[in-house]
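With compact mmCIF, N, CA and C atoms inside, this is protein.txt:
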```txt
# COMPACT_ATOMS: atom_id res chain seq x y z
N MET A 1 -20.25 -121.92 119.72
CA MET A 1 -19.42 -121.96 118.54
C MET A 1 -18.43 -120.81 118.55
N PHE A 2 -18.90 -119.60 118.87
CA PHE A 2 -18.04 -118.43 118.89
C PHE A 2 -16.96 -118.58 119.96
N LYS A 3 -17.32 -119.17 121.11
CA LYS A 3 -16.36 -119.34 122.19
C LYS A 3 -15.24 -120.30 121.78
N LYS A 4 -15.60 -121.35 121.05
CA LYS A 4 -14.58 -122.29 120.58
C LYS A 4 -13.64 -121.62 119.59
N PHE A 5 -14.21 -120.83 118.69
CA PHE A 5 -13.39 -120.12 117.71
C PHE A 5 -12.47 -119.11 118.40
N ALA A 6 -12.99 -118.40 119.38
CA ALA A 6 -12.19 -117.42 120.11
C ALA A 6 -11.07 -118.10 120.89
N ALA A 7 -11.37 -119.25 121.48
CA ALA A 7 -10.36 -119.99 122.23
C ALA A 7 -9.26 -120.50 121.29
N LEU A 8 -9.64 -120.98 120.11
CA LEU A 8 -8.66 -121.44 119.14
C LEU A 8 -7.79 -120.29 118.65
N ALA A 9 -8.39 -119.17 118.36
CA ALA A 9 -7.64 -117.99 117.91
C ALA A 9 -6.67 -117.54 119.00
N PHE A 10 -7.10 -117.55 120.24
CA PHE A 10 -6.24 -117.15 121.35
C PHE A 10 -5.06 -118.12 121.50
N ALA A 11 -5.33 -119.40 121.39
CA ALA A 11 -4.26 -120.40 121.51
C ALA A 11 -3.23 -120.24 120.39
N LEU A 12 -3.71 -119.99 119.17
CA LEU A 12 -2.78 -119.78 118.05
C LEU A 12 -1.96 -118.51 118.25
N THR A 13 -2.57 -117.50 118.79
CA THR A 13 -1.87 -116.24 119.04
C THR A 13 -0.73 -116.46 120.03
N LEU A 14 -0.95 -117.30 121.02
CA LEU A 14 0.09 -117.59 121.99
C LEU A 14 1.17 -118.51 121.43
N ALA A 15 0.80 -119.40 120.53
CA ALA A 15 1.75 -120.38 120.00
C ALA A 15 2.64 -119.81 118.91
N LEU A 16 2.17 -118.90 118.12
CA LEU A 16 2.95 -118.40 116.98
C LEU A 16 4.26 -117.74 117.37
N PRO A 17 4.32 -116.90 118.39
CA PRO A 17 5.62 -116.32 118.75
C PRO A 17 6.64 -117.37 119.17
N ALA A 18 6.20 -118.43 119.80
CA ALA A 18 7.12 -119.49 120.22
C ALA A 18 7.74 -120.18 119.03
N LEU A 19 7.02 -120.27 117.92
CA LEU A 19 7.58 -120.90 116.73
C LEU A 19 8.75 -120.09 116.18
N GLY A 20 8.69 -118.79 116.29
CA GLY A 20 9.77 -117.94 115.80
C GLY A 20 11.01 -118.00 116.66
N LEU A 21 10.88 -118.44 117.91
CA LEU A 21 12.01 -118.49 118.82
C LEU A 21 12.74 -119.83 118.78
N ALA A 22 12.19 -120.79 118.11
CA ALA A 22 12.82 -122.10 118.06
C ALA A 22 14.13 -122.02 117.30
N ALA A 23 15.14 -122.69 117.82
CA ALA A 23 16.45 -122.71 117.19
C ALA A 23 16.42 -123.59 115.95
N THR A 24 17.23 -123.23 114.98
CA THR A 24 17.37 -123.99 113.74
C THR A 24 18.67 -124.78 113.82
N PRO A 25 18.68 -126.07 113.47
CA PRO A 25 19.92 -126.84 113.54
C PRO A 25 21.04 -126.18 112.74
N VAL A 26 22.21 -126.12 113.38
CA VAL A 26 23.37 -125.47 112.75
C VAL A 26 24.65 -126.16 113.23
N ASN A 27 25.59 -126.32 112.31
CA ASN A 27 26.88 -126.91 112.64
C ASN A 27 27.77 -125.79 113.18
N VAL A 28 28.03 -125.81 114.49
CA VAL A 28 28.81 -124.75 115.12
C VAL A 28 30.29 -124.81 114.75
N ASN A 29 30.72 -125.90 114.15
CA ASN A 29 32.12 -126.01 113.73
C ASN A 29 32.36 -125.48 112.33
N LYS A 30 31.30 -125.15 111.59
CA LYS A 30 31.46 -124.66 110.23
C LYS A 30 30.76 -123.33 109.97
N ALA A 31 29.73 -123.01 110.73
CA ALA A 31 28.91 -121.83 110.46
C ALA A 31 29.65 -120.54 110.79
N ASP A 32 29.34 -119.50 110.03
CA ASP A 32 29.90 -118.19 110.34
C ASP A 32 29.04 -117.52 111.42
N ALA A 33 29.50 -116.37 111.90
CA ALA A 33 28.82 -115.70 113.01
C ALA A 33 27.39 -115.30 112.65
N ALA A 34 27.18 -114.83 111.43
CA ALA A 34 25.83 -114.41 111.03
C ALA A 34 24.87 -115.59 111.05
N THR A 35 25.31 -116.74 110.58
CA THR A 35 24.47 -117.94 110.57
C THR A 35 24.17 -118.40 111.99
N LEU A 36 25.17 -118.37 112.86
CA LEU A 36 24.96 -118.76 114.25
C LEU A 36 23.95 -117.84 114.94
N ALA A 37 24.09 -116.54 114.71
CA ALA A 37 23.18 -115.57 115.32
C ALA A 37 21.75 -115.77 114.84
N LYS A 38 21.60 -116.10 113.58
CA LYS A 38 20.27 -116.30 113.01
C LYS A 38 19.66 -117.63 113.45
N SER A 39 20.49 -118.65 113.66
CA SER A 39 20.00 -120.00 113.91
C SER A 39 19.75 -120.34 115.37
N LEU A 40 20.54 -119.79 116.27
CA LEU A 40 20.45 -120.18 117.67
C LEU A 40 19.64 -119.17 118.48
N ASP A 41 18.80 -119.69 119.35
CA ASP A 41 17.94 -118.87 120.19
C ASP A 41 18.76 -118.20 121.30
N GLY A 42 18.62 -116.89 121.44
CA GLY A 42 19.33 -116.17 122.49
C GLY A 42 20.76 -115.81 122.13
N ILE A 43 21.15 -116.05 120.89
CA ILE A 43 22.50 -115.74 120.44
C ILE A 43 22.42 -114.59 119.45
N GLY A 44 23.04 -113.49 119.83
CA GLY A 44 23.10 -112.34 118.94
C GLY A 44 24.45 -112.30 118.24
N ALA A 45 24.71 -111.19 117.56
CA ALA A 45 25.94 -111.05 116.79
C ALA A 45 27.19 -111.15 117.67
N THR A 46 27.14 -110.55 118.86
CA THR A 46 28.32 -110.54 119.74
C THR A 46 28.67 -111.94 120.23
N LYS A 47 27.66 -112.69 120.71
CA LYS A 47 27.93 -114.05 121.18
C LYS A 47 28.33 -114.96 120.02
N ALA A 48 27.72 -114.76 118.87
CA ALA A 48 28.08 -115.56 117.70
C ALA A 48 29.54 -115.32 117.30
N GLN A 49 29.97 -114.07 117.36
CA GLN A 49 31.37 -113.76 117.06
C GLN A 49 32.30 -114.38 118.10
N ALA A 50 31.86 -114.42 119.35
CA ALA A 50 32.65 -115.06 120.41
C ALA A 50 32.78 -116.56 120.17
N ILE A 51 31.72 -117.19 119.68
CA ILE A 51 31.76 -118.62 119.36
C ILE A 51 32.79 -118.88 118.25
N VAL A 52 32.74 -118.08 117.20
CA VAL A 52 33.68 -118.24 116.09
C VAL A 52 35.11 -117.97 116.55
N ALA A 53 35.31 -116.94 117.38
CA ALA A 53 36.65 -116.62 117.88
C ALA A 53 37.20 -117.77 118.73
N TRP A 54 36.35 -118.35 119.60
CA TRP A 54 36.79 -119.48 120.42
C TRP A 54 37.17 -120.66 119.53
N ARG A 55 36.35 -120.92 118.53
CA ARG A 55 36.62 -122.03 117.61
C ARG A 55 37.93 -121.81 116.85
N ASP A 56 38.18 -120.58 116.42
CA ASP A 56 39.42 -120.27 115.71
C ASP A 56 40.64 -120.44 116.62
N ALA A 57 40.49 -120.10 117.89
CA ALA A 57 41.61 -120.17 118.83
C ALA A 57 41.86 -121.59 119.34
N HIS A 58 40.81 -122.38 119.52
CA HIS A 58 40.94 -123.69 120.18
C HIS A 58 40.66 -124.89 119.28
N GLY A 59 40.21 -124.66 118.08
CA GLY A 59 39.85 -125.77 117.20
C GLY A 59 38.37 -126.09 117.31
N PRO A 60 37.93 -127.09 116.57
CA PRO A 60 36.50 -127.41 116.54
C PRO A 60 35.99 -127.89 117.91
N PHE A 61 34.71 -127.64 118.14
CA PHE A 61 34.06 -128.11 119.36
C PHE A 61 33.93 -129.62 119.27
N LYS A 62 34.31 -130.31 120.34
CA LYS A 62 34.24 -131.77 120.35
C LYS A 62 32.94 -132.27 121.00
N SER A 63 32.33 -131.42 121.81
CA SER A 63 31.04 -131.75 122.41
C SER A 63 30.21 -130.48 122.53
N VAL A 64 28.92 -130.65 122.67
CA VAL A 64 28.03 -129.50 122.82
C VAL A 64 28.39 -128.73 124.09
N ASP A 65 28.80 -129.45 125.13
CA ASP A 65 29.14 -128.81 126.40
C ASP A 65 30.36 -127.91 126.28
N ASP A 66 31.20 -128.09 125.27
CA ASP A 66 32.36 -127.20 125.05
C ASP A 66 31.93 -125.76 124.85
N LEU A 67 30.71 -125.55 124.36
CA LEU A 67 30.24 -124.18 124.14
C LEU A 67 30.12 -123.38 125.44
N SER A 68 30.04 -124.08 126.58
CA SER A 68 29.95 -123.38 127.86
C SER A 68 31.26 -122.65 128.17
N GLN A 69 32.34 -122.97 127.46
CA GLN A 69 33.62 -122.28 127.66
C GLN A 69 33.65 -120.93 126.95
N VAL A 70 32.68 -120.68 126.07
CA VAL A 70 32.60 -119.41 125.35
C VAL A 70 31.98 -118.38 126.28
N LYS A 71 32.63 -117.22 126.40
CA LYS A 71 32.12 -116.16 127.28
C LYS A 71 30.72 -115.74 126.82
N GLY A 72 29.79 -115.73 127.76
CA GLY A 72 28.43 -115.32 127.47
C GLY A 72 27.51 -116.45 127.06
N PHE A 73 28.04 -117.66 126.95
CA PHE A 73 27.23 -118.81 126.57
C PHE A 73 27.02 -119.66 127.82
N GLY A 74 25.96 -119.33 128.57
CA GLY A 74 25.72 -119.98 129.86
C GLY A 74 24.92 -121.26 129.74
N PRO A 75 24.69 -121.91 130.89
CA PRO A 75 23.97 -123.19 130.90
C PRO A 75 22.54 -123.09 130.36
N ALA A 76 21.84 -121.99 130.63
CA ALA A 76 20.46 -121.85 130.14
C ALA A 76 20.44 -121.75 128.62
N THR A 77 21.36 -120.99 128.06
CA THR A 77 21.44 -120.86 126.60
C THR A 77 21.83 -122.19 125.98
N LEU A 78 22.74 -122.89 126.62
CA LEU A 78 23.18 -124.20 126.13
C LEU A 78 22.01 -125.18 126.09
N GLU A 79 21.25 -125.25 127.15
CA GLU A 79 20.12 -126.19 127.20
C GLU A 79 19.02 -125.80 126.22
N ARG A 80 18.78 -124.52 126.06
CA ARG A 80 17.75 -124.05 125.14
C ARG A 80 18.09 -124.41 123.69
N ASN A 81 19.38 -124.51 123.37
CA ASN A 81 19.81 -124.76 121.99
C ASN A 81 20.42 -126.15 121.78
N ARG A 82 20.46 -126.97 122.81
CA ARG A 82 21.18 -128.24 122.75
C ARG A 82 20.77 -129.10 121.53
N THR A 83 19.50 -129.19 121.25
CA THR A 83 19.05 -130.05 120.15
C THR A 83 19.37 -129.46 118.78
N ALA A 84 19.62 -128.16 118.72
CA ALA A 84 19.90 -127.51 117.43
C ALA A 84 21.39 -127.42 117.14
N ILE A 85 22.24 -127.69 118.12
CA ILE A 85 23.68 -127.57 117.94
C ILE A 85 24.22 -128.85 117.33
N LEU A 86 24.78 -128.72 116.14
CA LEU A 86 25.40 -129.84 115.46
C LEU A 86 26.90 -129.67 115.49
N LEU A 87 27.63 -130.76 115.67
CA LEU A 87 29.08 -130.71 115.66
C LEU A 87 29.65 -131.20 114.33
N THR A 88 28.88 -132.00 113.66
CA THR A 88 29.24 -132.48 112.32
C THR A 88 27.97 -132.47 111.49
N GLY A 89 28.12 -132.68 110.23
CA GLY A 89 26.94 -132.79 109.37
C GLY A 89 26.51 -131.46 108.82
N GLY A 90 25.42 -131.51 108.15
CA GLY A 90 24.88 -130.37 107.43
C GLY A 90 24.41 -130.85 106.08
N PRO A 91 23.79 -130.03 105.29
CA PRO A 91 23.26 -130.47 104.00
C PRO A 91 24.30 -131.11 103.10
N ALA A 92 25.51 -130.56 103.03
CA ALA A 92 26.53 -131.12 102.15
C ALA A 92 26.98 -132.49 102.64
N ASP A 93 27.16 -132.65 103.97
CA ASP A 93 27.59 -133.93 104.51
C ASP A 93 26.54 -135.00 104.32
N ILE A 94 25.27 -134.65 104.47
CA ILE A 94 24.19 -135.61 104.29
C ILE A 94 24.15 -136.10 102.84
N ALA A 95 24.30 -135.19 101.89
CA ALA A 95 24.30 -135.58 100.48
C ALA A 95 25.47 -136.51 100.18
N THR A 96 26.63 -136.25 100.77
CA THR A 96 27.80 -137.10 100.55
C THR A 96 27.55 -138.49 101.10
N LYS A 97 26.96 -138.57 102.29
CA LYS A 97 26.67 -139.87 102.88
C LYS A 97 25.69 -140.66 102.02
N LEU A 98 24.70 -139.99 101.48
CA LEU A 98 23.72 -140.68 100.63
C LEU A 98 24.36 -141.17 99.35
N ASP A 99 25.28 -140.39 98.78
CA ASP A 99 25.96 -140.81 97.56
C ASP A 99 26.86 -142.01 97.78
N ASN A 100 27.46 -142.12 98.97
CA ASN A 100 28.40 -143.20 99.26
C ASN A 100 27.72 -144.43 99.84
N LYS A 101 26.43 -144.34 100.12
CA LYS A 101 25.70 -145.45 100.72
C LYS A 101 25.46 -146.52 99.66
N PRO A 102 25.73 -147.80 99.97
CA PRO A 102 25.47 -148.85 98.98
C PRO A 102 23.99 -148.94 98.65
N ALA A 103 23.70 -149.35 97.46
CA ALA A 103 22.31 -149.48 97.02
C ALA A 103 21.60 -150.52 97.87
N LYS A 104 20.32 -150.30 98.10
CA LYS A 104 19.53 -151.23 98.91
C LYS A 104 19.51 -152.58 98.22
N GLY A 105 19.77 -153.61 99.01
CA GLY A 105 19.75 -154.96 98.46
C GLY A 105 21.14 -155.44 98.04
N SER A 106 22.09 -154.53 97.84
CA SER A 106 23.42 -154.98 97.46
C SER A 106 24.17 -155.37 98.71
N SER A 107 24.99 -156.35 98.58
CA SER A 107 25.73 -156.84 99.73
C SER A 107 27.11 -157.24 99.28
N LYS A 108 28.09 -157.02 100.13
CA LYS A 108 29.44 -157.40 99.80
C LYS A 108 29.71 -158.86 100.12
N SER A 109 28.85 -159.49 100.92
CA SER A 109 29.06 -160.88 101.29
C SER A 109 28.46 -161.80 100.24
N GLN A 110 28.88 -163.07 100.31
CA GLN A 110 28.38 -164.08 99.38
C GLN A 110 26.89 -164.31 99.63
N PRO A 111 26.14 -164.64 98.60
CA PRO A 111 24.73 -164.98 98.82
C PRO A 111 24.62 -166.21 99.69
N LYS A 112 23.45 -166.38 100.30
CA LYS A 112 23.22 -167.54 101.14
C LYS A 112 23.33 -168.80 100.30
N GLY A 113 23.83 -169.82 100.92
CA GLY A 113 23.97 -171.09 100.20
C GLY A 113 25.41 -171.58 100.33
N GLN A 114 25.91 -172.15 99.28
CA GLN A 114 27.26 -172.69 99.26
C GLN A 114 28.27 -171.54 99.26
N PRO A 115 29.50 -171.79 99.71
CA PRO A 115 30.52 -170.75 99.74
C PRO A 115 30.80 -170.14 98.36
N ASN A 116 30.57 -170.88 97.29
CA ASN A 116 30.83 -170.34 95.96
C ASN A 116 29.65 -169.52 95.43
N GLY A 117 28.60 -169.39 96.23
CA GLY A 117 27.47 -168.56 95.84
C GLY A 117 26.34 -169.33 95.20
N GLU A 118 26.52 -170.65 94.98
CA GLU A 118 25.44 -171.44 94.39
C GLU A 118 24.45 -171.81 95.48
N PRO A 119 23.18 -171.93 95.13
CA PRO A 119 22.19 -172.29 96.15
C PRO A 119 22.41 -173.70 96.66
N LYS A 120 22.00 -173.91 97.91
CA LYS A 120 22.11 -175.24 98.50
C LYS A 120 21.17 -176.18 97.78
N ASN A 121 21.59 -177.45 97.67
CA ASN A 121 20.72 -178.45 97.05
C ASN A 121 19.58 -178.76 98.00
N GLN A 122 18.41 -178.92 97.43
CA GLN A 122 17.25 -179.29 98.23
C GLN A 122 17.39 -180.75 98.62
N LYS A 123 16.86 -181.11 99.79
CA LYS A 123 16.89 -182.49 100.24
C LYS A 123 16.04 -183.33 99.29
N ASN A 124 16.52 -184.49 98.95
CA ASN A 124 15.86 -185.42 98.03
C ASN A 124 15.69 -184.80 96.64
N SER A 125 16.52 -183.91 96.28
CA SER A 125 16.42 -183.28 94.97
C SER A 125 17.27 -184.07 93.98
N VAL A 126 16.67 -184.41 92.86
CA VAL A 126 17.38 -185.15 91.83
C VAL A 126 17.43 -184.27 90.59
N PRO A 127 18.63 -184.07 90.04
CA PRO A 127 18.70 -183.24 88.84
C PRO A 127 17.99 -183.91 87.69
N LYS A 128 17.32 -183.11 86.89
CA LYS A 128 16.60 -183.64 85.74
C LYS A 128 17.57 -183.85 84.59
N ALA A 129 17.34 -184.92 83.89
CA ALA A 129 18.18 -185.21 82.71
C ALA A 129 17.69 -184.34 81.56
N PRO A 130 18.60 -183.94 80.68
CA PRO A 130 18.16 -183.12 79.56
C PRO A 130 17.20 -183.90 78.66
N ALA A 131 16.24 -183.21 78.15
CA ALA A 131 15.25 -183.86 77.28
C ALA A 131 15.91 -184.20 75.96
N THR A 132 15.57 -185.38 75.43
CA THR A 132 16.10 -185.78 74.14
C THR A 132 14.96 -185.88 73.15
N ALA A 133 15.26 -185.57 71.96
CA ALA A 133 14.24 -185.64 70.92
C ALA A 133 14.27 -187.02 70.31
N GLU A 134 13.11 -187.66 70.31
CA GLU A 134 13.03 -188.98 69.71
C GLU A 134 12.51 -188.84 68.28
N GLU A 135 13.07 -189.61 67.37
CA GLU A 135 12.67 -189.53 65.98
C GLU A 135 11.80 -190.64 65.58
```
Can you give me the file's structure in the form of structure tokens?
Amino acid sequence: MFKKFAALAFALTLALPALGLAATPVNVNKADAATLAKSLDGIGATKAQAIVAWRDAHGPFKSVDDLSQVKGFGPATLERNRTAILLTGGPADIATKLDNKPAKGSSKSQPKGQPNGEPKNQKNSVPKAPATAEE
């Protein structure tokens, strides 16, 4: 029992530092240098400022691979952060997309059936005559 507990504690000790090194998703076309430095693994203040300077000089990044043109942003850093680098989106963009999304079940097309939206007549269907009151 003690050996299992010790092995679990050892495994957690090794895993916890790796969690702190994981990159946080960030939009490199909108984030400031401080946010980039905090969010991307292996990117400090100097490289983050270089990313912002490149973006200011050349316009927004069109692909993740464009970051390799930034001095000090090599292939290893690019691969380590590839999944965290966003070119569009972010919390504000996601909220806007959700607000503009049509409600579930609503459709711009006509309902199934006749072109005017009325349901198709069932085969062998005879309309019922209105009930009359007999006196």
Record the distance separating atom CA of A:Thr24 and atom N of A:Asp41, expressed in Å with one decimal.
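Calculated distance between atom CA of A:Thr24 and atom N of A:Asp41 is 7.2 Å.
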With distances taken over all atoms listed in the file, which residue among A:Ala33, A:Gln69, A:Trp54, A:Val28 lies nearest A:Thr88?
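Checking each of A:Ala33, A:Gln69, A:Trp54, A:Val28 against A:Thr88, counting all atoms listed in the file, the winner is A:Val28.
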Which one of A:Ala45, A:Ala31, A:Met1, A:Leu40 sits closest to A:Asn81 if you count all atoms listed in the file?
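Going through A:Ala45, A:Ala31, A:Met1, A:Leu40 one by one, the smallest distance to A:Asn81 is for A:Leu40.
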Atom C of A:Ala57 and atom CA of A:Ala23 are how many Å apart?
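Atom CA of A:Ala23 lies at a distance of 25.5 Å from atom C of A:Ala57.
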Would you work out the distance separating atom CA of A:Ser39 from atom CA of A:His58, expressed in Å to one decimal?
22.2 Å
Contact residues around A:Ile85 with only C-alpha atoms at 8 Å, ignoring same-chain residues under 3 positions, as number ranges by chain:
A: 25-28, 64, 81-82
